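Pasting target_5.json here (JSON, C-alpha atoms):
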[["chain", "number", "residue", "atom", "x", "y", "z"],
["A", 22, "MET", "CA", -24.21, -3.70, 65.49],
["A", 23, "GLU", "CA", -24.11, -1.07, 62.76],
["A", 24, "LYS", "CA", -20.60, -0.01, 63.83],
["A", 25, "SER", "CA", -19.44, -3.63, 63.67],
["A", 26, "ASP", "CA", -20.83, -3.99, 60.14],
["A", 27, "LYS", "CA", -19.04, -0.81, 59.06],
["A", 28, "ASN", "CA", -15.77, -2.08, 60.50],
["A", 29, "ARG", "CA", -16.14, -5.37, 58.61],
["A", 30, "LYS", "CA", -16.80, -3.48, 55.38],
["A", 31, "LEU", "CA", -13.72, -1.30, 55.94],
["A", 32, "ILE", "CA", -11.58, -4.38, 56.56],
["A", 33, "LYS", "CA", -12.88, -6.04, 53.37],
["A", 34, "THR", "CA", -12.24, -2.86, 51.38],
["A", 35, "ASP", "CA", -8.71, -2.63, 52.76],
["A", 36, "GLN", "CA", -8.11, -6.29, 51.85],
["A", 37, "ARG", "CA", -9.30, -5.65, 48.31],
["A", 38, "PHE", "CA", -6.90, -2.69, 47.94],
["A", 39, "LYS", "CA", -4.00, -4.81, 49.21],
["A", 40, "LEU", "CA", -4.97, -7.55, 46.75],
["A", 41, "LEU", "CA", -5.06, -5.09, 43.86],
["A", 42, "ALA", "CA", -1.62, -3.79, 44.83],
["A", 43, "HIS", "CA", -0.16, -7.24, 44.13],
["A", 44, "ILE", "CA", -1.70, -7.60, 40.69],
["A", 45, "PRO", "CA", 1.07, -7.49, 38.05],
["A", 46, "GLU", "CA", 1.09, -4.33, 35.97],
["A", 47, "GLU", "CA", 0.63, -6.48, 32.87],
["A", 48, "SER", "CA", -2.83, -7.47, 34.16],
["A", 49, "VAL", "CA", -3.65, -3.88, 35.11],
["A", 50, "TRP", "CA", -2.75, -2.80, 31.56],
["A", 51, "LEU", "CA", -5.10, -5.35, 30.02],
["A", 52, "ALA", "CA", -7.93, -4.69, 32.48],
["A", 53, "ASN", "CA", -7.85, -0.99, 31.62],
["A", 54, "PHE", "CA", -9.37, -1.65, 28.18],
["A", 55, "THR", "CA", -13.18, -1.58, 28.13],
["A", 56, "SER", "CA", -13.75, -3.43, 24.85],
["A", 57, "PRO", "CA", -13.90, -7.25, 25.23],
["A", 58, "ALA", "CA", -12.72, -7.57, 21.62],
["A", 59, "THR", "CA", -9.64, -5.41, 22.29],
["A", 60, "LYS", "CA", -8.87, -7.35, 25.47],
["A", 61, "SER", "CA", -9.10, -10.63, 23.60],
["A", 62, "THR", "CA", -6.95, -9.45, 20.67],
["A", 63, "TYR", "CA", -4.27, -7.94, 22.89],
["A", 64, "SER", "CA", -4.25, -10.91, 25.24],
["A", 65, "VAL", "CA", -3.69, -13.32, 22.35],
["A", 66, "ALA", "CA", -0.86, -11.16, 20.99],
["A", 67, "VAL", "CA", 0.99, -11.04, 24.32],
["A", 68, "ARG", "CA", 0.50, -14.77, 24.90],
["A", 69, "GLU", "CA", 1.95, -15.49, 21.45],
["A", 70, "TYR", "CA", 4.98, -13.35, 22.27],
["A", 71, "PHE", "CA", 5.43, -15.13, 25.62],
["A", 72, "LYS", "CA", 5.19, -18.50, 23.89],
["A", 73, "PHE", "CA", 7.66, -17.62, 21.13],
["A", 74, "HIS", "CA", 10.37, -16.50, 23.56],
["A", 75, "SER", "CA", 9.44, -18.96, 26.36],
["A", 76, "ILE", "CA", 8.91, -16.05, 28.75],
["A", 77, "GLY", "CA", 8.24, -17.37, 32.22],
["A", 78, "ASN", "CA", 8.19, -14.31, 34.46],
["A", 79, "GLN", "CA", 7.89, -10.52, 34.56],
["A", 80, "ASN", "CA", 11.65, -9.98, 34.53],
["A", 81, "ASP", "CA", 11.98, -11.89, 31.25],
["A", 82, "LEU", "CA", 9.28, -9.72, 29.69],
["A", 83, "ARG", "CA", 10.73, -6.46, 30.96],
["A", 84, "SER", "CA", 14.18, -7.43, 29.62],
["A", 85, "SER", "CA", 12.84, -7.53, 26.06],
["A", 86, "SER", "CA", 14.95, -5.79, 23.45],
["A", 87, "SER", "CA", 14.37, -4.70, 19.86],
["A", 88, "ALA", "CA", 16.11, -7.91, 18.76],
["A", 89, "HIS", "CA", 13.44, -9.97, 20.55],
["A", 90, "ILE", "CA", 10.65, -8.11, 18.76],
["A", 91, "ILE", "CA", 12.37, -8.33, 15.37],
["A", 92, "SER", "CA", 12.87, -12.10, 15.63],
["A", 93, "TRP", "CA", 9.20, -12.52, 16.60],
["A", 94, "ARG", "CA", 8.09, -10.27, 13.74],
["A", 95, "ASP", "CA", 10.15, -12.19, 11.20],
["A", 96, "ALA", "CA", 8.90, -15.55, 12.49],
["A", 97, "MET", "CA", 5.26, -14.42, 12.17],
["A", 98, "MET", "CA", 5.83, -13.24, 8.61],
["A", 99, "LYS", "CA", 7.64, -16.46, 7.71],
["A", 100, "SER", "CA", 4.74, -18.52, 9.10],
["A", 101, "GLY", "CA", 2.33, -16.80, 6.69],
["A", 102, "ALA", "CA", 0.65, -14.33, 9.06],
["A", 103, "SER", "CA", -0.79, -11.34, 7.18],
["A", 104, "ASN", "CA", 0.89, -7.95, 7.45],
["A", 105, "ARG", "CA", -2.20, -6.66, 9.22],
["A", 106, "THR", "CA", -2.00, -9.44, 11.84],
["A", 107, "VAL", "CA", 1.72, -8.83, 12.42],
["A", 108, "ASN", "CA", 1.14, -5.10, 12.86],
["A", 109, "SER", "CA", -1.80, -5.69, 15.19],
["A", 110, "ARG", "CA", 0.24, -7.97, 17.45],
["A", 111, "ILE", "CA", 3.21, -5.63, 17.56],
["A", 112, "SER", "CA", 0.83, -2.75, 18.38],
["A", 113, "ALA", "CA", -0.56, -4.75, 21.30],
["A", 114, "LEU", "CA", 2.92, -5.40, 22.63],
["A", 115, "SER", "CA", 3.85, -1.74, 22.11],
["A", 116, "SER", "CA", 0.85, -0.68, 24.18],
["A", 117, "LEU", "CA", 1.94, -2.98, 27.01],
["A", 118, "PHE", "CA", 5.52, -1.67, 26.92],
["A", 119, "ASP", "CA", 4.27, 1.93, 26.91],
["A", 120, "HIS", "CA", 2.32, 1.13, 30.08],
["A", 121, "LEU", "CA", 5.36, -0.44, 31.75],
["A", 122, "CYS", "CA", 7.51, 2.57, 30.78],
["A", 123, "GLU", "CA", 4.89, 4.91, 32.23],
["A", 124, "LYS", "CA", 5.06, 2.96, 35.49],
["A", 125, "GLN", "CA", 8.89, 3.18, 35.34],
["A", 126, "LEU", "CA", 9.21, -0.60, 35.15],
["A", 127, "MET", "CA", 11.00, -0.35, 31.79],
["A", 128, "SER", "CA", 13.30, 2.39, 30.55],
["A", 129, "ILE", "CA", 12.45, 2.17, 26.83],
["A", 130, "ASN", "CA", 9.80, 0.63, 24.61],
["A", 131, "PRO", "CA", 11.68, -1.90, 22.41],
["A", 132, "THR", "CA", 9.04, -1.67, 19.66],
["A", 133, "HIS", "CA", 9.78, 2.03, 19.01],
["A", 134, "GLY", "CA", 11.59, 2.54, 15.73],
["A", 135, "LEU", "CA", 10.79, -1.00, 14.62],
["A", 136, "ILE", "CA", 9.99, -1.29, 10.90],
["A", 137, "ARG", "CA", 6.61, -2.92, 10.48],
["A", 138, "PRO", "CA", 5.32, -4.64, 7.33],
["A", 139, "LYS", "CA", 3.37, -2.36, 5.03],
["A", 140, "VAL", "CA", -0.40, -2.68, 4.98],
["A", 141, "GLN", "CA", -2.48, -1.54, 2.02],
["A", 142, "GLN", "CA", -4.39, 1.47, 3.31],
["A", 143, "ASP", "CA", -6.55, 2.36, 0.31],
["A", 144, "GLN", "CA", -8.41, -0.95, 0.02],
["A", 145, "VAL", "CA", -9.49, -3.66, 2.46],
["A", 146, "GLU", "CA", -7.94, -7.06, 1.84],
["A", 147, "SER", "CA", -11.14, -9.09, 2.24],
["A", 148, "PRO", "CA", -12.53, -10.18, -1.13],
["A", 149, "VAL", "CA", -15.92, -8.84, -2.21],
["A", 150, "LEU", "CA", -18.43, -11.41, -3.45],
["A", 151, "THR", "CA", -20.73, -11.18, -6.41],
["A", 152, "LYS", "CA", -24.46, -11.28, -5.72],
["A", 153, "GLU", "CA", -24.53, -14.85, -7.06],
["A", 154, "GLN", "CA", -21.73, -15.95, -4.70],
["A", 155, "ALA", "CA", -23.44, -14.32, -1.71],
["A", 156, "ARG", "CA", -26.68, -16.11, -2.60],
["A", 157, "MET", "CA", -24.84, -19.45, -2.78],
["A", 158, "ILE", "CA", -23.61, -18.97, 0.80],
["A", 159, "LEU", "CA", -27.00, -17.78, 2.06],
["A", 160, "ASP", "CA", -28.72, -20.85, 0.58],
["A", 161, "ALA", "CA", -26.08, -23.34, 1.73],
["A", 162, "PRO", "CA", -27.50, -24.24, 5.19],
["A", 163, "GLY", "CA", -31.05, -24.92, 3.99],
["A", 164, "MET", "CA", -34.20, -24.27, 6.02],
["A", 165, "ASP", "CA", -35.31, -27.87, 6.61],
["A", 166, "THR", "CA", -33.70, -28.32, 10.05],
["A", 167, "PRO", "CA", -33.48, -26.16, 13.21],
["A", 168, "LEU", "CA", -29.68, -25.97, 12.75],
["A", 169, "GLY", "CA", -30.11, -24.88, 9.14],
["A", 170, "ILE", "CA", -32.59, -22.19, 10.14],
["A", 171, "ARG", "CA", -30.27, -20.86, 12.86],
["A", 172, "ASP", "CA", -27.24, -20.78, 10.56],
["A", 173, "THR", "CA", -29.22, -19.20, 7.71],
["A", 174, "THR", "CA", -30.35, -16.45, 10.08],
["A", 175, "ILE", "CA", -26.76, -15.73, 11.14],
["A", 176, "LEU", "CA", -25.59, -15.56, 7.53],
["A", 177, "TYR", "CA", -28.48, -13.25, 6.58],
["A", 178, "ILE", "CA", -27.55, -10.88, 9.41],
["A", 179, "TYR", "CA", -23.95, -10.79, 8.15],
["A", 180, "PHE", "CA", -24.88, -10.02, 4.56],
["A", 181, "TYR", "CA", -27.92, -7.79, 5.14],
["A", 182, "THR", "CA", -26.48, -5.53, 7.86],
["A", 183, "GLY", "CA", -22.70, -5.51, 7.26],
["A", 184, "CYS", "CA", -22.08, -6.21, 10.94],
["A", 185, "ARG", "CA", -18.91, -7.60, 12.47],
["A", 186, "ARG", "CA", -18.70, -11.11, 13.93],
["A", 187, "SER", "CA", -18.49, -9.76, 17.48],
["A", 188, "GLU", "CA", -21.64, -7.72, 16.91],
["A", 189, "VAL", "CA", -23.83, -10.63, 15.81],
["A", 190, "ARG", "CA", -22.39, -12.85, 18.55],
["A", 191, "SER", "CA", -23.40, -10.42, 21.30],
["A", 192, "LEU", "CA", -27.03, -10.09, 20.14],
["A", 193, "LYS", "CA", -29.78, -10.78, 22.66],
["A", 194, "ALA", "CA", -33.53, -11.12, 22.24],
["A", 195, "LYS", "CA", -34.01, -7.54, 23.40],
["A", 196, "ASN", "CA", -31.92, -6.28, 20.46],
["A", 197, "LEU", "CA", -34.73, -7.08, 18.00],
["A", 198, "LEU", "CA", -37.33, -4.33, 18.25],
["A", 199, "GLU", "CA", -39.49, -1.83, 16.41],
["A", 200, "ASP", "CA", -38.56, 1.84, 16.13],
["A", 201, "ASN", "CA", -40.60, 4.53, 14.40],
["A", 202, "GLY", "CA", -42.46, 1.95, 12.31],
["A", 203, "TYR", "CA", -39.31, 0.01, 11.30],
["A", 204, "ASN", "CA", -38.05, -3.35, 12.49],
["A", 205, "VAL", "CA", -34.49, -2.80, 13.68],
["A", 206, "ILE", "CA", -31.51, -4.54, 15.27],
["A", 207, "ASP", "CA", -29.54, -2.89, 18.05],
["A", 208, "PHE", "CA", -25.88, -3.87, 17.65],
["A", 209, "LYS", "CA", -23.21, -3.23, 20.24],
["A", 210, "VAL", "CA", -20.23, -1.91, 18.27],
["A", 211, "LYS", "CA", -16.64, -0.94, 19.05],
["A", 212, "GLY", "CA", -16.18, 1.23, 22.11],
["A", 213, "GLY", "CA", -19.39, -0.04, 23.71],
["A", 214, "LYS", "CA", -21.55, 2.18, 21.47],
["A", 215, "LYS", "CA", -24.87, 1.11, 19.97],
["A", 216, "ASN", "CA", -25.79, 0.95, 16.32],
["A", 217, "ARG", "CA", -29.45, 0.66, 15.35],
["A", 218, "VAL", "CA", -29.84, -0.83, 11.85],
["A", 219, "ALA", "CA", -33.11, -1.19, 9.91],
["A", 220, "ILE", "CA", -33.94, -4.81, 9.03],
["A", 221, "HIS", "CA", -34.26, -5.68, 5.34],
["A", 222, "PRO", "CA", -37.61, -7.42, 4.53],
["A", 223, "GLU", "CA", -35.83, -10.65, 3.51],
["A", 224, "LEU", "CA", -33.88, -10.71, 6.76],
["A", 225, "HIS", "CA", -37.10, -9.97, 8.68],
["A", 226, "SER", "CA", -38.80, -13.02, 7.14],
["A", 227, "ILE", "CA", -35.89, -15.28, 8.11],
["A", 228, "LEU", "CA", -35.82, -13.86, 11.63],
["A", 229, "GLN", "CA", -39.53, -14.59, 12.09],
["A", 230, "VAL", "CA", -38.99, -18.24, 11.16],
["A", 231, "TYR", "CA", -36.02, -18.49, 13.51],
["A", 232, "MET", "CA", -37.75, -16.84, 16.47],
["A", 233, "LYS", "CA", -40.64, -19.33, 16.26],
["A", 234, "GLN", "CA", -38.21, -22.21, 16.87],
["A", 235, "ALA", "CA", -35.81, -20.46, 19.29],
["A", 236, "PHE", "CA", -37.15, -22.17, 22.39],
["A", 237, "HIS", "CA", -34.13, -21.13, 24.48],
["A", 238, "ILE", "CA", -35.34, -17.52, 24.41],
["A", 239, "ASP", "CA", -37.52, -16.97, 27.44],
["A", 240, "ASP", "CA", -36.67, -13.36, 28.28],
["A", 241, "ASP", "CA", -35.10, -10.24, 26.75],
["A", 242, "GLU", "CA", -31.65, -11.10, 28.10],
["A", 243, "SER", "CA", -31.49, -14.47, 26.35],
["A", 244, "PRO", "CA", -28.66, -14.72, 23.79],
["A", 245, "LEU", "CA", -30.05, -14.78, 20.27],
["A", 246, "PHE", "CA", -27.76, -17.56, 19.02],
["A", 247, "THR", "CA", -26.64, -20.52, 21.10],
["A", 248, "SER", "CA", -25.22, -24.00, 20.61],
["A", 249, "MET", "CA", -27.76, -26.63, 19.54],
["A", 250, "SER", "CA", -25.53, -29.62, 20.28],
["A", 251, "ASN", "CA", -26.77, -30.32, 23.83],
["A", 252, "ASN", "CA", -29.80, -29.68, 25.94],
["A", 253, "LYS", "CA", -28.71, -27.15, 28.54],
["A", 254, "SER", "CA", -30.38, -25.62, 31.55],
["A", 255, "LYS", "CA", -31.14, -21.91, 31.48],
["A", 256, "ASP", "CA", -28.02, -21.13, 33.55],
["A", 257, "GLU", "CA", -25.82, -22.99, 31.06],
["A", 258, "ILE", "CA", -27.08, -21.22, 27.94],
["A", 259, "LYS", "CA", -24.35, -19.04, 26.47],
["A", 260, "PRO", "CA", -23.80, -17.33, 23.12],
["A", 261, "LEU", "CA", -21.94, -19.20, 20.40],
["A", 262, "SER", "CA", -18.19, -18.78, 20.75],
["A", 263, "PRO", "CA", -16.13, -16.75, 18.24],
["A", 264, "ARG", "CA", -14.60, -20.01, 17.06],
["A", 265, "ALA", "CA", -18.07, -21.46, 16.41],
["A", 266, "PHE", "CA", -19.02, -18.41, 14.33],
["A", 267, "ASN", "CA", -15.84, -18.77, 12.26],
["A", 268, "TYR", "CA", -16.42, -22.50, 11.79],
["A", 269, "LEU", "CA", -20.02, -21.88, 10.78],
["A", 270, "PHE", "CA", -19.07, -19.37, 8.10],
["A", 271, "ASP", "CA", -16.17, -21.48, 6.77],
["A", 272, "LYS", "CA", -18.47, -24.51, 6.61],
["A", 273, "TYR", "CA", -20.93, -22.85, 4.24],
["A", 274, "VAL", "CA", -18.25, -21.15, 2.14],
["A", 275, "LEU", "CA", -16.83, -24.63, 1.55],
["A", 276, "LYS", "CA", -20.28, -26.08, 0.86],
["A", 277, "ALA", "CA", -20.89, -23.33, -1.71],
["A", 278, "GLY", "CA", -17.62, -24.30, -3.42],
["A", 279, "LEU", "CA", -16.01, -20.90, -2.84],
["A", 280, "PRO", "CA", -12.38, -20.09, -1.83],
["A", 281, "LYS", "CA", -11.37, -20.54, 1.81],
["A", 282, "LEU", "CA", -10.07, -16.95, 2.04],
["A", 283, "ILE", "CA", -13.69, -15.71, 2.19],
["A", 284, "THR", "CA", -14.46, -14.73, 5.81],
["A", 285, "PRO", "CA", -17.25, -12.98, 7.74],
["A", 286, "HIS", "CA", -15.41, -9.76, 6.94],
["A", 287, "SER", "CA", -16.04, -10.50, 3.26],
["A", 288, "ALA", "CA", -19.76, -10.28, 4.02],
["A", 289, "ARG", "CA", -19.20, -6.80, 5.50],
["A", 290, "ALA", "CA", -17.14, -5.72, 2.48],
["A", 291, "THR", "CA", -19.79, -7.14, 0.13],
["A", 292, "PHE", "CA", -22.60, -5.34, 1.98],
["A", 293, "ILE", "CA", -20.80, -1.98, 1.70],
["A", 294, "THR", "CA", -19.91, -2.45, -1.97],
["A", 295, "GLN", "CA", -23.47, -3.55, -2.86],
["A", 296, "ALA", "CA", -24.95, -0.56, -1.04],
["A", 297, "LEU", "CA", -22.67, 1.83, -2.92],
["A", 298, "GLU", "CA", -23.35, 0.12, -6.25],
["A", 299, "ASN", "CA", -27.07, 0.65, -5.60],
["A", 300, "ASN", "CA", -26.44, 4.40, -5.24],
["A", 301, "CYS", "CA", -26.67, 4.59, -1.46],
["A", 302, "ASP", "CA", -24.93, 7.75, -0.29],
["A", 303, "ILE", "CA", -21.54, 6.88, 1.19],
["A", 304, "LYS", "CA", -22.35, 8.89, 4.34],
["A", 305, "ASP", "CA", -25.42, 6.72, 4.90],
["A", 306, "VAL", "CA", -23.31, 3.61, 4.40],
["A", 307, "GLN", "CA", -20.75, 4.96, 6.88],
["A", 308, "ASN", "CA", -23.52, 5.56, 9.43],
["A", 309, "THR", "CA", -25.02, 2.09, 8.92],
["A", 310, "VAL", "CA", -21.76, 0.21, 9.49],
["A", 311, "LYS", "CA", -20.60, 2.74, 12.10],
["A", 312, "HIS", "CA", -17.21, 3.68, 10.71],
["A", 313, "ALA", "CA", -15.77, 6.56, 12.74],
["A", 314, "ASN", "CA", -14.15, 8.01, 9.63],
["A", 315, "ILE", "CA", -15.59, 8.11, 6.10],
["A", 316, "ALA", "CA", -12.10, 7.29, 4.79],
["A", 317, "THR", "CA", -12.53, 3.82, 6.28],
["A", 318, "THR", "CA", -15.77, 3.34, 4.35],
["A", 319, "GLN", "CA", -14.00, 4.42, 1.17],
["A", 320, "MET", "CA", -11.47, 1.63, 1.71],
["A", 321, "TYR", "CA", -14.30, -0.85, 1.20],
["A", 322, "ASP", "CA", -15.46, 0.76, -2.06],
["A", 323, "LYS", "CA", -14.38, -1.68, -4.74],
["A", 324, "ARG", "CA", -16.67, -0.34, -7.46],
["A", 325, "ALA", "CA", -13.62, 1.02, -9.27],
["A", 326, "GLN", "CA", -12.19, -2.48, -9.64],
["A", 327, "HIS", "CA", -13.92, -3.35, -12.91],
["A", 328, "HIS", "CA", -11.77, -6.30, -13.86],
["A", 329, "LYS", "CA", -13.68, -6.81, -17.11],
["A", 330, "ASP", "CA", -12.02, -3.60, -18.39],
["A", 331, "SER", "CA", -8.51, -4.67, -17.46],
["A", 332, "ALA", "CA", -5.85, -4.31, -20.16],
["A", 333, "SER", "CA", -4.59, -7.76, -19.21],
["A", 334, "LEU", "CA", -7.67, -9.30, -20.85],
["A", 335, "VAL", "CA", -7.16, -7.80, -24.30],
["A", 336, "VAL", "CA", -3.50, -8.51, -25.03],
["A", 337, "LYS", "CA", -2.69, -11.26, -27.54],
["A", 338, "PHE", "CA", 0.56, -13.06, -28.34]]
Since I need it in another form, could you write the structure as structure tokens?
Amino acid sequence: MEKSDKNRKLIKTDQRFKLLAHIPEESVWLANFTSPATKSTYSVAVREYFKFHSIGNQNDLRSSSSAHIISWRDAMMKSGASNRTVNSRISALSSLFDHLCEKQLMSINPTHGLIRPKVQQDQVESPVLTKEQARMILDAPGMDTPLGIRDTTILYIYFYTGCRRSEVRSLKAKNLLEDNGYNVIDFKVKGGKKNRVAIHPELHSILQVYMKQAFHIDDDESPLFTSMSNNKSKDEIKPLSPRAFNYLFDKYVLKAGLPKLITPHSARATFITQALENNCDIKDVQNTVKHANIATTQMYDKRAQHHKDSASLVVKF
């Protein structure tokens, strides 16, 4: 009986290997990334390229030339895509072509030598908010309904920790804990690493109110933030989607009467700038937001942009 079971297992293993052998290299390339955020970003980029050139099969993709990439680049720029978005999508495609060249399925990478739009490297593009503007967004949902309490909590986490959208979306009940006498949040950051951030007293108060009404949380693995539109069974409870997080933020920016170009990344930029303005050491800021390089943190430092001292405000004609 044991021998028969072993034989069945060997057959199943062999079948799995044969199945893997027929997976297109494009799928193998994408599966090799460990970060869900990277997979999502790269997948979107490749799909957009496929759609633009009406690519229907592997041969069409592997016949791509520099002219194909250039026409796609120019179309993205003409449509209003930011330089950073264009570069990110070309980088995704370049990574795929590098993989196909390595597997000898393409002779050259058609993105090599391609001129990419310049991206400002010394400053982040996301606008930094004043304290008054940040407060307007934080107060926009109100605390008189369960939805308002949930959304207020999400906004407070953005502004009081400097986290990324993907980091707040992946939070579970177990990520709120106490460590060495401090209330902390365990974020899962880029590369699958963890980042433990101390909770500001104001954020702690909001979290306490939210947790008292978060009836969907019945164990440590429960997602911290879920949809409140329908009553779902435990098996159907899932975290809010990235689109829902974007919609939520845009909704309260609009309600506060602020420009549409303000995004969740603006909350991160505002957090970093406020911390630096309050004399927090830049190395501590770097550690809190988990930048791999301090130069990245310096890109967020907009303290030098004192517009009130601009020469443009004193000229007269």
* Between A:Thr132, A:Asn204, A:Ser187, A:Gln307, which is the closest to Asp119 in chain A once you count all atoms listed in the file? -> A:Thr132
Could you give me the axis-aligned bounding box of range 224-239 of chain A, with 6 Å of padding per side, as centre plus edge lengths in Å to one decimal, as lines of an AutoDock Vina configuration file?
center_x = -37.3
center_y = -16.1
center_z = 17.1
size_x = 18.8
size_y = 24.2
size_z = 32.7
Which residues, protein or nucleic acid, reach to within 9 Å of (-25.0, -7.9, 22.7) in the file's coordinates when using all atoms listed in the file, and can you give that as a PDB file with C-alpha atoms, keeping the file's coordinate frame?
ATOM      1  CA  SER A 187     -18.490  -9.760  17.480  1.00  0.00           C
ATOM      2  CA  GLU A 188     -21.640  -7.720  16.910  1.00  0.00           C
ATOM      3  CA  VAL A 189     -23.830 -10.630  15.810  1.00  0.00           C
ATOM      4  CA  ARG A 190     -22.390 -12.850  18.550  1.00  0.00           C
ATOM      5  CA  SER A 191     -23.400 -10.420  21.300  1.00  0.00           C
ATOM      6  CA  LEU A 192     -27.030 -10.090  20.140  1.00  0.00           C
ATOM      7  CA  LYS A 193     -29.780 -10.780  22.660  1.00  0.00           C
ATOM      8  CA  ASN A 196     -31.920  -6.280  20.460  1.00  0.00           C
ATOM      9  CA  ASP A 207     -29.540  -2.890  18.050  1.00  0.00           C
ATOM     10  CA  PHE A 208     -25.880  -3.870  17.650  1.00  0.00           C
ATOM     11  CA  LYS A 209     -23.210  -3.230  20.240  1.00  0.00           C
ATOM     12  CA  VAL A 210     -20.230  -1.910  18.270  1.00  0.00           C
ATOM     13  CA  PRO A 244     -28.660 -14.720  23.790  1.00  0.00           C
ATOM     14  CA  LEU A 245     -30.050 -14.780  20.270  1.00  0.00           C
TER      15      LEU A 245
END
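Across the structure, CA of Val335 in chain A and CA of Lys152 in chain A are spaced 25.6 Å apart.
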* **Residues within 10 Å of Trp93 in chain A, all atoms listed in the file, excluding chain neighbours under 3 positions, as a list in words** => Glu69, Tyr70, Phe73, His74, Ser87, Ala88, His89, Ile90, Ala96, Met97, Met98, Lys99, Val107 and Ile111 of chain A
* If you count all atoms listed in the file, which residues fall within 12 Å of range 313-315 of chain A, apart from same-chain ones fewer than 3 positions away, as a PyMOL selection string? -> chain A and resi 210-212+214+302-310+318-322
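Pairwise distance (CA of Ser226 in chain A, CA of Pro167 in chain A) equals 15.4 Å.
Comparing the minimum interatomic distances between Lys124 in chain A and each of A:Met249, A:Leu159, A:Val230, A:Val49, counting only C-alpha atoms, we find that A:Val49 sits nearest.
Using all atoms listed in the file, the shortest contact distance between Pro148 in chain A and any of A:Lys272, A:His225, A:Arg185, A:Arg289 is found at A:Arg289.
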* **Neighbours of point (0.8, -7.6, 8.7) within 12 Å, using only C-alpha atoms, written as JSON, numbers by chain** => {"A": [94, 95, 96, 97, 98, 99, 100, 101, 102, 103, 104, 105, 106, 107, 108, 109, 110, 111, 112, 136, 137, 138, 139, 140, 141, 142, 146]}
* Length of the CA of Leu261 in chain A to CA of Thr247 in chain A vector [Å] -> 4.9 Å
* To do: Write out as a ChimeraX atom specification the residues lying within 7 Å of Val205 in chain A, counting only C-alpha atoms and excluding same-chain residues fewer than 3 positions away.
  => /A:197-200,217-220
* **Near-Thr59 in chain A list (12 Å; all atoms listed in the file; drop same-chain fewer than 2 positions) as a PyMOL selection string** => chain A and resi 50-57+61-66+109-110+112-113+116+187+210-213
* Structure fact -> From the list A:Ala277, A:His120, A:Asp81, A:Asp271, the nearest residue to Glu47 in chain A using only C-alpha atoms is A:His120
* Tell me which of A:Leu269, A:Tyr231, A:Ala194, A:Ser262 sits closest to Thr174 in chain A, counting all atoms listed in the file. => A:Tyr231
